[in-house]
>>> print(open('protein-v4.txt').read())   # compact mmCIF, C-alpha atoms (C1' of nucleotides)
# COMPACT_ATOMS: atom_id res chain seq x y z
CA MET E 242 29.62 65.81 126.65
CA ALA E 243 29.19 62.06 126.20
CA ARG E 244 31.60 61.86 129.09
CA CYS E 245 29.73 64.19 131.41
CA PRO E 246 29.07 62.11 134.53
CA THR E 247 25.62 63.58 135.09
CA HIS E 248 24.54 62.79 131.60
CA ARG E 249 25.90 59.27 131.75
CA VAL E 250 24.06 58.47 134.95
CA LEU E 251 20.81 60.11 133.86
CA ASP E 252 21.04 58.30 130.56
CA ARG E 253 21.14 54.97 132.33
CA LEU E 254 18.44 55.93 134.82
CA GLY E 255 16.27 57.04 131.93
CA ASP E 256 16.29 53.56 130.44
CA LYS E 257 12.77 52.26 130.23
CA TRP E 258 12.92 49.64 132.99
CA VAL E 259 15.75 50.83 135.21
CA SER E 260 13.75 52.78 137.77
CA LEU E 261 11.40 49.86 138.38
CA LEU E 262 14.30 47.41 138.58
CA LEU E 263 16.19 49.51 141.10
CA LYS E 264 13.03 49.89 143.15
CA GLU E 265 12.62 46.11 143.26
CA LEU E 266 16.23 45.42 144.09
CA GLY E 267 16.17 48.18 146.67
CA GLU E 268 13.95 45.89 148.72
CA GLY E 269 16.61 43.22 148.73
CA PRO E 270 18.10 40.50 146.47
CA LYS E 271 15.70 38.85 144.06
CA ARG E 272 15.69 35.93 141.68
CA HIS E 273 15.43 36.51 137.97
CA SER E 274 11.94 35.01 137.98
CA ASP E 275 10.86 37.34 140.77
CA LEU E 276 12.02 40.33 138.77
CA ALA E 277 10.31 39.00 135.66
CA HIS E 278 7.11 38.76 137.63
CA ALA E 279 7.47 42.22 139.14
CA LEU E 280 8.20 43.83 135.76
CA ALA E 281 5.30 42.12 134.08
CA GLY E 282 5.29 44.45 131.10
CA ALA E 283 8.95 43.97 130.24
CA SER E 284 10.00 41.41 127.67
CA GLN E 285 12.47 38.80 128.82
CA LYS E 286 15.00 40.27 126.45
CA MET E 287 14.75 43.76 127.92
CA LEU E 288 14.88 42.42 131.46
CA THR E 289 18.18 40.66 130.87
CA GLN E 290 19.56 43.49 128.76
CA THR E 291 18.75 46.07 131.43
CA LEU E 292 20.24 43.92 134.16
CA ARG E 293 23.42 43.53 132.10
CA GLY E 294 23.68 47.24 131.74
CA LEU E 295 23.29 47.81 135.46
CA GLU E 296 25.76 45.04 136.14
CA ARG E 297 28.28 46.62 133.79
CA ASP E 298 27.92 49.96 135.57
CA GLY E 299 28.58 48.23 138.85
CA PHE E 300 25.13 48.91 140.30
CA VAL E 301 23.96 45.30 140.37
CA SER E 302 25.63 41.98 141.04
CA ARG E 303 24.65 38.60 139.69
CA PHE E 304 24.94 35.27 141.50
CA VAL E 305 24.53 32.01 139.63
CA THR E 306 23.69 28.81 141.50
CA PRO E 307 24.54 26.01 139.07
CA SER E 308 21.73 23.72 140.18
CA VAL E 309 19.33 22.06 137.73
CA PRO E 310 17.47 24.06 136.78
CA VAL E 311 19.85 26.92 137.27
CA ARG E 312 19.05 29.68 139.78
CA VAL E 313 20.17 33.29 139.36
CA ASP E 314 19.96 35.98 142.01
CA TYR E 315 20.45 39.69 141.54
CA ALA E 316 21.27 42.24 144.22
CA LEU E 317 22.40 45.82 144.52
CA THR E 318 26.12 46.31 144.97
CA PRO E 319 27.34 48.81 147.57
CA LEU E 320 27.55 51.33 144.73
CA GLY E 321 23.99 50.54 143.77
CA GLU E 322 22.83 51.07 147.33
CA ARG E 323 24.54 54.42 147.47
CA LEU E 324 22.48 55.35 144.44
CA LEU E 325 19.22 54.70 146.30
CA PRO E 326 19.11 57.96 148.23
CA VAL E 327 19.28 60.11 145.12
CA ILE E 328 16.71 57.89 143.42
CA HIS E 329 14.54 58.31 146.45
CA ALA E 330 14.94 62.07 146.32
CA MET E 331 13.92 61.98 142.66
CA THR E 332 10.91 59.81 143.45
CA LEU E 333 9.78 62.13 146.18
CA TRP E 334 10.19 65.16 143.97
CA ALA E 335 8.35 63.51 141.10
CA GLU E 336 5.42 62.46 143.26
CA ARG E 337 5.14 65.92 144.75
CA HIS E 338 5.17 67.70 141.40
CA ILE E 339 3.56 65.32 138.97
CA GLU E 340 0.21 67.06 139.20
CA GLU E 341 1.81 70.33 138.28
CA ILE E 342 3.47 68.66 135.31
CA ASP E 343 0.17 67.14 134.23
CA ALA E 344 -1.48 70.52 134.43
CA ALA E 345 1.29 72.12 132.40
CA GLN E 346 1.02 69.44 129.72
CA GLN E 347 -2.73 69.75 129.45
CA ALA E 348 -2.49 73.52 129.20
CA TYR E 349 0.21 73.22 126.56
CA ASP E 350 -1.71 70.67 124.52
CA LEU E 351 -4.83 72.77 124.63
CA LEU E 352 -3.07 75.73 123.09
CA GLU E 353 -1.45 73.55 120.43
CA ASN E 354 -4.75 72.06 119.30
CA SER E 355 -6.50 75.38 119.18
CA ALA E 356 -4.07 77.21 116.89
CA PRO E 357 -2.52 75.01 114.19
CA MET J 32 3.89 51.99 134.75
CA ALA J 33 3.94 54.62 131.99
CA ARG J 34 2.19 56.79 134.55
CA CYS J 35 4.71 56.31 137.34
CA PRO J 36 5.87 59.83 138.20
CA THR J 37 9.45 58.78 138.83
CA HIS J 38 9.69 57.10 135.48
CA ARG J 39 8.11 60.00 133.67
CA VAL J 40 10.54 62.50 135.15
CA LEU J 41 13.59 60.30 134.68
CA ASP J 42 12.52 59.61 131.14
CA ARG J 43 12.54 63.31 130.36
CA LEU J 44 15.78 63.92 132.24
CA GLY J 45 17.36 61.05 130.31
CA ASP J 46 16.76 62.81 127.01
CA LYS J 47 20.03 63.40 125.27
CA TRP J 48 20.32 67.17 125.72
CA VAL J 49 18.12 67.88 128.71
CA SER J 50 20.76 67.83 131.40
CA LEU J 51 22.97 70.27 129.52
CA LEU J 52 20.02 72.51 128.73
CA LEU J 53 18.88 72.66 132.34
CA LYS J 54 22.41 73.39 133.44
CA GLU J 55 22.57 76.34 131.04
CA LEU J 56 19.17 77.69 131.99
CA GLY J 57 19.98 77.20 135.65
CA GLU J 58 22.43 80.08 135.23
CA GLY J 59 19.65 82.37 134.09
CA PRO J 60 17.50 83.13 131.01
CA LYS J 61 19.18 82.67 127.66
CA ARG J 62 18.48 83.40 124.05
CA HIS J 63 17.97 80.60 121.58
CA SER J 64 21.24 81.47 119.89
CA ASP J 65 23.09 81.35 123.21
CA LEU J 66 21.75 77.89 123.87
CA ALA J 67 22.63 76.81 120.36
CA HIS J 68 26.16 77.99 120.98
CA ALA J 69 26.42 76.28 124.37
CA LEU J 70 25.09 72.98 123.05
CA ALA J 71 27.38 73.00 120.07
CA GLY J 72 26.91 69.29 119.36
CA ALA J 73 23.13 69.42 119.19
CA SER J 74 21.34 69.86 115.89
CA GLN J 75 18.95 72.75 115.58
CA LYS J 76 16.10 70.30 115.39
CA MET J 77 16.99 68.58 118.63
CA LEU J 78 17.51 71.86 120.43
CA THR J 79 14.04 73.10 119.57
CA GLN J 80 12.46 69.71 120.13
CA THR J 81 14.03 69.37 123.55
CA LEU J 82 13.01 72.89 124.53
CA ARG J 83 9.44 72.14 123.42
CA GLY J 84 9.36 69.06 125.61
CA LEU J 85 10.61 70.96 128.63
CA GLU J 86 8.14 73.72 127.90
CA ARG J 87 5.29 71.24 127.70
CA ASP J 88 6.27 69.75 131.06
CA GLY J 89 6.22 73.22 132.54
CA PHE J 90 9.95 73.33 133.30
CA VAL J 91 10.84 76.04 130.82
CA SER J 92 9.09 79.16 129.55
CA ARG J 93 9.52 80.81 126.19
CA PHE J 94 9.38 84.54 125.47
CA VAL J 95 9.14 85.84 121.93
CA THR J 96 10.12 89.41 121.11
CA PRO J 97 8.57 90.10 117.71
CA SER J 98 11.35 92.33 116.46
CA VAL J 99 13.02 91.87 113.10
CA PRO J 100 14.79 89.59 113.25
CA VAL J 101 12.82 87.88 115.94
CA ARG J 102 14.34 87.27 119.38
CA VAL J 103 13.43 84.32 121.59
CA ASP J 104 14.39 83.92 125.22
CA TYR J 105 14.08 80.82 127.35
CA ALA J 106 14.05 80.63 131.13
CA LEU J 107 13.29 78.16 133.86
CA THR J 108 9.80 78.37 135.33
CA PRO J 109 9.37 78.19 139.11
CA LEU J 110 8.73 74.47 138.64
CA GLY J 111 11.92 74.18 136.66
CA GLU J 112 13.84 75.93 139.39
CA ARG J 113 12.47 73.58 141.98
CA LEU J 114 13.91 70.80 139.89
CA LEU J 115 17.42 72.21 140.15
CA PRO J 116 18.19 70.92 143.65
CA VAL J 117 17.53 67.28 142.73
CA ILE J 118 19.49 67.72 139.50
CA HIS J 119 22.28 69.16 141.56
CA ALA J 120 22.16 66.20 143.93
CA MET J 121 22.36 63.88 140.93
CA THR J 122 25.28 65.82 139.49
CA LEU J 123 27.15 65.66 142.76
CA TRP J 124 26.52 61.95 143.12
CA ALA J 125 27.55 61.29 139.53
CA GLU J 126 30.80 63.22 139.84
CA ARG J 127 31.66 61.49 143.07
CA HIS J 128 31.06 58.00 141.73
CA ILE J 129 31.92 58.18 138.05
CA GLU J 130 35.35 56.72 138.60
CA GLU J 131 33.87 53.74 140.36
CA ILE J 132 31.48 53.29 137.45
CA ASP J 133 34.33 53.52 134.96
CA ALA J 134 36.27 50.91 136.88
CA ALA J 135 33.25 48.59 136.98
CA GLN J 136 32.73 48.95 133.24
CA GLN J 137 36.34 48.25 132.42
CA ALA J 138 36.38 45.20 134.66
CA TYR J 139 33.14 43.96 133.11
CA ASP J 140 34.36 44.49 129.55
CA LEU J 141 37.61 42.69 130.28
CA LEU J 142 35.76 39.57 131.39
CA GLU J 143 33.47 39.72 128.38
CA ASN J 144 36.32 39.89 125.90
CA SER J 145 38.23 37.08 127.54
CA ALA J 146 35.46 34.50 127.48
CA PRO J 147 33.28 34.69 124.38
C1' DC F 40 17.10 84.69 113.94
C1' DG F 41 14.33 81.05 115.18
C1' DG F 42 11.79 77.30 113.67
C1' DA F 43 9.10 73.91 110.81
C1' DA F 44 9.35 70.08 107.47
C1' DT F 45 11.42 66.34 105.21
C1' DC F 46 14.40 62.54 104.62
C1' DC F 47 17.23 59.04 106.33
C1' DA F 48 20.31 56.22 109.36
C1' DA F 49 20.77 54.24 113.85
C1' DA F 50 19.24 52.78 118.25
C1' DG F 51 15.46 51.04 121.15
C1' DG F 52 12.39 47.63 122.21
C1' DG F 53 8.83 43.62 121.59
C1' DA F 54 7.64 38.68 120.02
C1' DT F 55 9.16 34.38 119.19
C1' DA F 56 11.94 30.34 119.00
C1' DC F 57 15.83 27.82 120.57
C1' DT F 58 19.71 26.21 124.08
C1' DG F 59 21.93 24.30 128.52
C1' DC D 207 14.86 28.59 134.92
C1' DA D 208 17.68 31.81 132.75
C1' DG D 209 19.68 33.36 128.70
C1' DT D 210 20.77 33.95 123.60
C1' DA D 211 19.53 34.80 118.90
C1' DT D 212 16.45 36.53 115.19
C1' DC D 213 13.21 39.17 113.13
C1' DC D 214 10.82 43.32 112.67
C1' DC D 215 8.58 47.50 113.84
C1' DT D 216 8.99 51.94 116.26
C1' DT D 217 11.47 55.75 118.06
C1' DT D 218 15.38 58.81 118.19
C1' DG D 219 18.29 61.90 116.35
C1' DG D 220 21.19 64.16 112.63
C1' DA D 221 21.48 66.79 107.97
C1' DT D 222 19.32 69.56 104.96
C1' DT D 223 16.15 72.71 103.12
C1' DC D 224 12.56 76.09 103.25
C1' DC D 225 9.59 79.83 105.84
C1' DG D 226 8.40 84.08 109.00
>>> encode(input="protein-v4.txt", output="structure tokens")
Amino acid sequence: MARCPTHRVLDRLGDKWVSLLLKELGEGPKRHSDLAHALAGASQKMLTQTLRGLERDGFVSRFVTPSVPVRVDYALTPLGERLLPVIHAMTLWAERHIEEIDAAQQAYDLLENSAP
Amino acid sequence: MARCPTHRVLDRLGDKWVSLLLKELGEGPKRHSDLAHALAGASQKMLTQTLRGLERDGFVSRFVTPSVPVRVDYALTPLGERLLPVIHAMTLWAERHIEEIDAAQQAYDLLENSAP
DNA sequence: CGGAATCCAAAGGGATACTG
DNA sequence: CAGTATCCCTTTGGATTCCG
């Protein structure tokens, strides 16, 4: 099951900062500092770590300009861009149903707290 | 960002056993013991915990038949069924591109191990 | 049979300091 | 500017045991 493609992809997409990162890079290539600014809540460690993971999967490419100081740009690969439509479908679905999920959670939590 | 619908849904879908569980329940209602059998690798704790999470989100419903011994059936709710199409789209995408991902990972790992 | 509780190991993730 | 390396706390998940 660790090799089930669906699970592998969802596992990556479920990483804390991946959805935001893909959203940013979906708009076009960005510098590391731009991404750091966009993902204000992410630690520098997690930003790099997440980018490495996406790079390893082939979703993101990394360009280093060896100036001083160094400049690093990230962009979606063709594979990464082909992922965008399904992400978009997920986003649309989530936005359309989030209120229903909220309602379900509140209802569930109410019952839990009333009968322990 | 913790309230971003996309992230919330992906976070749940990224849970270790969720994709398998939804796949099983997508085929129709199942007993707890059936699910336990299908998800052979999951501990009993994780199975129940995952089902509780999906129930709280409103994706899954739980029916208890108070016989002796007790019988518990799980099924997708209407909301859960509306989730199936996007899951299916993800599955399709993942199966179509998993080889490309594998290739990217192998290429990446080769470069890592050759220049540490 | 289904589940709750406990205990414990491993992975995730943040803060900080240091390097080229 | 971008990245690496620690340190440390939190979360996740598995094994086991006990309850209806």
>>> residues_around(input="protein-v4.txt", residues="DT55 in chain F", least_positions_apart="5", cutoff="12 Å", atoms="only C-alpha atoms (C1' of nucleotides)", output="list in words")
Ser284, Gln285 and Lys286 of chain E; DA211, DT212, DC213 and DC214 of chain D
>>> interface_residues(input="protein-v4.txt", of="chain D", to="chain E", cutoff="10 Å", atoms="only C-alpha atoms (C1' of nucleotides)", output="PyMOL selection string")
chain D and resi 207-210
>>> interface_residues(input="protein-v4.txt", of="chain F", to="chain J", cutoff="8 Å", atoms="only C-alpha atoms (C1' of nucleotides)", output="list in words")
DC40, DG41 and DG42 of chain F
>>> interface_residues(input="protein-v4.txt", of="chain E", to="chain J", cutoff="7 Å", atoms="all atoms listed in the file", output="list in words")
Pro246, Thr247, His248, Val250, Leu251, Asp252, Leu254, Gly255, Ser260, Arg297, Asp298, Gly299, Val327, Ala330, Met331, Thr332, Ala335, Glu336, Ile339, Ile342, Ala345, Gln346 and Tyr349 of chain E
>>> write_last_selection(input="protein-v4.txt", atoms="C-alpha atoms", output="short mmCIF file (atom, residue, chain, number, x, y, z; two decimals), keeping the file's coordinate frame")
data_model
loop_
_atom_site.label_atom_id
_atom_site.label_comp_id
_atom_site.auth_asym_id
_atom_site.auth_seq_id
_atom_site.Cartn_x
_atom_site.Cartn_y
_atom_site.Cartn_z
CA PRO E 246 29.07 62.11 134.53
CA THR E 247 25.62 63.58 135.09
CA HIS E 248 24.54 62.79 131.60
CA VAL E 250 24.06 58.47 134.95
CA LEU E 251 20.81 60.11 133.86
CA ASP E 252 21.04 58.30 130.56
CA LEU E 254 18.44 55.93 134.82
CA GLY E 255 16.27 57.04 131.93
CA SER E 260 13.75 52.78 137.77
CA ARG E 297 28.28 46.62 133.79
CA ASP E 298 27.92 49.96 135.57
CA GLY E 299 28.58 48.23 138.85
CA VAL E 327 19.28 60.11 145.12
CA ALA E 330 14.94 62.07 146.32
CA MET E 331 13.92 61.98 142.66
CA THR E 332 10.91 59.81 143.45
CA ALA E 335 8.35 63.51 141.10
CA GLU E 336 5.42 62.46 143.26
CA ILE E 339 3.56 65.32 138.97
CA ILE E 342 3.47 68.66 135.31
CA ALA E 345 1.29 72.12 132.40
CA GLN E 346 1.02 69.44 129.72
CA TYR E 349 0.21 73.22 126.56
#
>>> calpha_fit_and_write(input="protein-v4.txt", fixed="chain J", moving="chain E", output="PDB file with C-alpha atoms, in the coordinates of the input")
ATOM      1  CA  MET E 242       3.937  52.028 134.817  1.00  0.00           C
ATOM      2  CA  ALA E 243       3.970  54.595 132.013  1.00  0.00           C
ATOM      3  CA  ARG E 244       2.232  56.772 134.551  1.00  0.00           C
ATOM      4  CA  CYS E 245       4.732  56.300 137.350  1.00  0.00           C
ATOM      5  CA  PRO E 246       5.887  59.825 138.208  1.00  0.00           C
ATOM      6  CA  THR E 247       9.480  58.774 138.814  1.00  0.00           C
ATOM      7  CA  HIS E 248       9.717  57.085 135.489  1.00  0.00           C
ATOM      8  CA  ARG E 249       8.155  59.997 133.661  1.00  0.00           C
ATOM      9  CA  VAL E 250      10.574  62.494 135.136  1.00  0.00           C
ATOM     10  CA  LEU E 251      13.629  60.283 134.668  1.00  0.00           C
ATOM     11  CA  ASP E 252      12.554  59.603 131.118  1.00  0.00           C
ATOM     12  CA  ARG E 253      12.582  63.295 130.343  1.00  0.00           C
ATOM     13  CA  LEU E 254      15.821  63.919 132.222  1.00  0.00           C
ATOM     14  CA  GLY E 255      17.396  61.061 130.312  1.00  0.00           C
ATOM     15  CA  ASP E 256      16.787  62.797 127.004  1.00  0.00           C
ATOM     16  CA  LYS E 257      20.068  63.384 125.267  1.00  0.00           C
ATOM     17  CA  TRP E 258      20.315  67.161 125.689  1.00  0.00           C
ATOM     18  CA  VAL E 259      18.131  67.877 128.701  1.00  0.00           C
ATOM     19  CA  SER E 260      20.780  67.839 131.409  1.00  0.00           C
ATOM     20  CA  LEU E 261      22.975  70.286 129.507  1.00  0.00           C
ATOM     21  CA  LEU E 262      20.006  72.529 128.725  1.00  0.00           C
ATOM     22  CA  LEU E 263      18.872  72.660 132.335  1.00  0.00           C
ATOM     23  CA  LYS E 264      22.419  73.415 133.420  1.00  0.00           C
ATOM     24  CA  GLU E 265      22.551  76.361 131.017  1.00  0.00           C
ATOM     25  CA  LEU E 266      19.163  77.705 131.972  1.00  0.00           C
ATOM     26  CA  GLY E 267      19.990  77.211 135.625  1.00  0.00           C
ATOM     27  CA  GLU E 268      22.417  80.096 135.220  1.00  0.00           C
ATOM     28  CA  GLY E 269      19.624  82.368 134.106  1.00  0.00           C
ATOM     29  CA  PRO E 270      17.477  83.148 131.023  1.00  0.00           C
ATOM     30  CA  LYS E 271      19.166  82.700 127.671  1.00  0.00           C
ATOM     31  CA  ARG E 272      18.438  83.438 124.049  1.00  0.00           C
ATOM     32  CA  HIS E 273      17.935  80.620 121.605  1.00  0.00           C
ATOM     33  CA  SER E 274      21.219  81.503 119.911  1.00  0.00           C
ATOM     34  CA  ASP E 275      23.052  81.392 123.229  1.00  0.00           C
ATOM     35  CA  LEU E 276      21.721  77.916 123.888  1.00  0.00           C
ATOM     36  CA  ALA E 277      22.613  76.833 120.367  1.00  0.00           C
ATOM     37  CA  HIS E 278      26.134  78.011 120.991  1.00  0.00           C
ATOM     38  CA  ALA E 279      26.376  76.334 124.384  1.00  0.00           C
ATOM     39  CA  LEU E 280      25.060  73.012 123.050  1.00  0.00           C
ATOM     40  CA  ALA E 281      27.389  73.032 120.095  1.00  0.00           C
ATOM     41  CA  GLY E 282      26.935  69.350 119.356  1.00  0.00           C
ATOM     42  CA  ALA E 283      23.150  69.466 119.199  1.00  0.00           C
ATOM     43  CA  SER E 284      21.376  69.891 115.892  1.00  0.00           C
ATOM     44  CA  GLN E 285      19.019  72.825 115.622  1.00  0.00           C
ATOM     45  CA  LYS E 286      16.158  70.393 115.337  1.00  0.00           C
ATOM     46  CA  MET E 287      16.988  68.619 118.588  1.00  0.00           C
ATOM     47  CA  LEU E 288      17.521  71.903 120.396  1.00  0.00           C
ATOM     48  CA  THR E 289      14.046  73.146 119.551  1.00  0.00           C
ATOM     49  CA  GLN E 290      12.466  69.741 120.074  1.00  0.00           C
ATOM     50  CA  THR E 291      14.029  69.383 123.519  1.00  0.00           C
ATOM     51  CA  LEU E 292      13.002  72.886 124.505  1.00  0.00           C
ATOM     52  CA  ARG E 293       9.432  72.134 123.410  1.00  0.00           C
ATOM     53  CA  GLY E 294       9.387  69.071 125.550  1.00  0.00           C
ATOM     54  CA  LEU E 295      10.613  70.959 128.592  1.00  0.00           C
ATOM     55  CA  GLU E 296       8.142  73.718 127.871  1.00  0.00           C
ATOM     56  CA  ARG E 297       5.304  71.213 127.668  1.00  0.00           C
ATOM     57  CA  ASP E 298       6.295  69.742 131.031  1.00  0.00           C
ATOM     58  CA  GLY E 299       6.227  73.204 132.513  1.00  0.00           C
ATOM     59  CA  PHE E 300       9.951  73.326 133.280  1.00  0.00           C
ATOM     60  CA  VAL E 301      10.827  76.055 130.792  1.00  0.00           C
ATOM     61  CA  SER E 302       9.090  79.167 129.544  1.00  0.00           C
ATOM     62  CA  ARG E 303       9.492  80.835 126.188  1.00  0.00           C
ATOM     63  CA  PHE E 304       9.344  84.567 125.484  1.00  0.00           C
ATOM     64  CA  VAL E 305       9.089  85.859 121.940  1.00  0.00           C
ATOM     65  CA  THR E 306      10.063  89.439 121.120  1.00  0.00           C
ATOM     66  CA  PRO E 307       8.496  90.122 117.722  1.00  0.00           C
ATOM     67  CA  SER E 308      11.294  92.364 116.492  1.00  0.00           C
ATOM     68  CA  VAL E 309      12.974  91.898 113.104  1.00  0.00           C
ATOM     69  CA  PRO E 310      14.734  89.609 113.266  1.00  0.00           C
ATOM     70  CA  VAL E 311      12.743  87.908 115.955  1.00  0.00           C
ATOM     71  CA  ARG E 312      14.276  87.311 119.397  1.00  0.00           C
ATOM     72  CA  VAL E 313      13.373  84.356 121.614  1.00  0.00           C
ATOM     73  CA  ASP E 314      14.356  83.948 125.243  1.00  0.00           C
ATOM     74  CA  TYR E 315      14.064  80.834 127.351  1.00  0.00           C
ATOM     75  CA  ALA E 316      14.040  80.635 131.135  1.00  0.00           C
ATOM     76  CA  LEU E 317      13.281  78.160 133.870  1.00  0.00           C
ATOM     77  CA  THR E 318       9.794  78.364 135.314  1.00  0.00           C
ATOM     78  CA  PRO E 319       9.360  78.185 139.093  1.00  0.00           C
ATOM     79  CA  LEU E 320       8.737  74.463 138.625  1.00  0.00           C
ATOM     80  CA  GLY E 321      11.935  74.179 136.647  1.00  0.00           C
ATOM     81  CA  GLU E 322      13.872  75.935 139.378  1.00  0.00           C
ATOM     82  CA  ARG E 323      12.496  73.582 141.973  1.00  0.00           C
ATOM     83  CA  LEU E 324      13.919  70.782 139.869  1.00  0.00           C
ATOM     84  CA  LEU E 325      17.444  72.202 140.139  1.00  0.00           C
ATOM     85  CA  PRO E 326      18.218  70.907 143.616  1.00  0.00           C
ATOM     86  CA  VAL E 327      17.548  67.296 142.705  1.00  0.00           C
ATOM     87  CA  ILE E 328      19.512  67.722 139.482  1.00  0.00           C
ATOM     88  CA  HIS E 329      22.310  69.146 141.534  1.00  0.00           C
ATOM     89  CA  ALA E 330      22.182  66.202 143.907  1.00  0.00           C
ATOM     90  CA  MET E 331      22.378  63.871 140.911  1.00  0.00           C
ATOM     91  CA  THR E 332      25.312  65.803 139.476  1.00  0.00           C
ATOM     92  CA  LEU E 333      27.179  65.657 142.732  1.00  0.00           C
ATOM     93  CA  TRP E 334      26.537  61.958 143.099  1.00  0.00           C
ATOM     94  CA  ALA E 335      27.582  61.263 139.526  1.00  0.00           C
ATOM     95  CA  GLU E 336      30.819  63.206 139.835  1.00  0.00           C
ATOM     96  CA  ARG E 337      31.679  61.465 143.076  1.00  0.00           C
ATOM     97  CA  HIS E 338      31.065  57.975 141.722  1.00  0.00           C
ATOM     98  CA  ILE E 339      31.924  58.139 138.062  1.00  0.00           C
ATOM     99  CA  GLU E 340      35.369  56.679 138.616  1.00  0.00           C
ATOM    100  CA  GLU E 341      33.865  53.707 140.349  1.00  0.00           C
ATOM    101  CA  ILE E 342      31.480  53.243 137.440  1.00  0.00           C
ATOM    102  CA  ASP E 343      34.342  53.466 134.966  1.00  0.00           C
ATOM    103  CA  ALA E 344      36.251  50.860 136.902  1.00  0.00           C
ATOM    104  CA  ALA E 345      33.240  48.563 137.004  1.00  0.00           C
ATOM    105  CA  GLN E 346      32.719  48.906 133.256  1.00  0.00           C
ATOM    106  CA  GLN E 347      36.335  48.198 132.446  1.00  0.00           C
ATOM    107  CA  ALA E 348      36.337  45.157 134.702  1.00  0.00           C
ATOM    108  CA  TYR E 349      33.117  43.930 133.130  1.00  0.00           C
ATOM    109  CA  ASP E 350      34.349  44.447 129.585  1.00  0.00           C
ATOM    110  CA  LEU E 351      37.572  42.653 130.328  1.00  0.00           C
ATOM    111  CA  LEU E 352      35.754  39.539 131.439  1.00  0.00           C
ATOM    112  CA  GLU E 353      33.435  39.660 128.428  1.00  0.00           C
ATOM    113  CA  ASN E 354      36.289  39.828 125.935  1.00  0.00           C
ATOM    114  CA  SER E 355      38.223  37.058 127.575  1.00  0.00           C
ATOM    115  CA  ALA E 356      35.504  34.392 127.556  1.00  0.00           C
ATOM    116  CA  PRO E 357      33.243  34.498 124.488  1.00  0.00           C
TER     117      PRO E 357
END
>>> atom_distance(input="protein-v4.txt", atom1="C1' of DA43 in chain F", atom2="CA of Ala106 in chain J")
22.0 Å
>>> atom_distance(input="protein-v4.txt", atom1="C1' of DT45 in chain F", atom2="C1' of DC225 in chain D")
13.6 Å
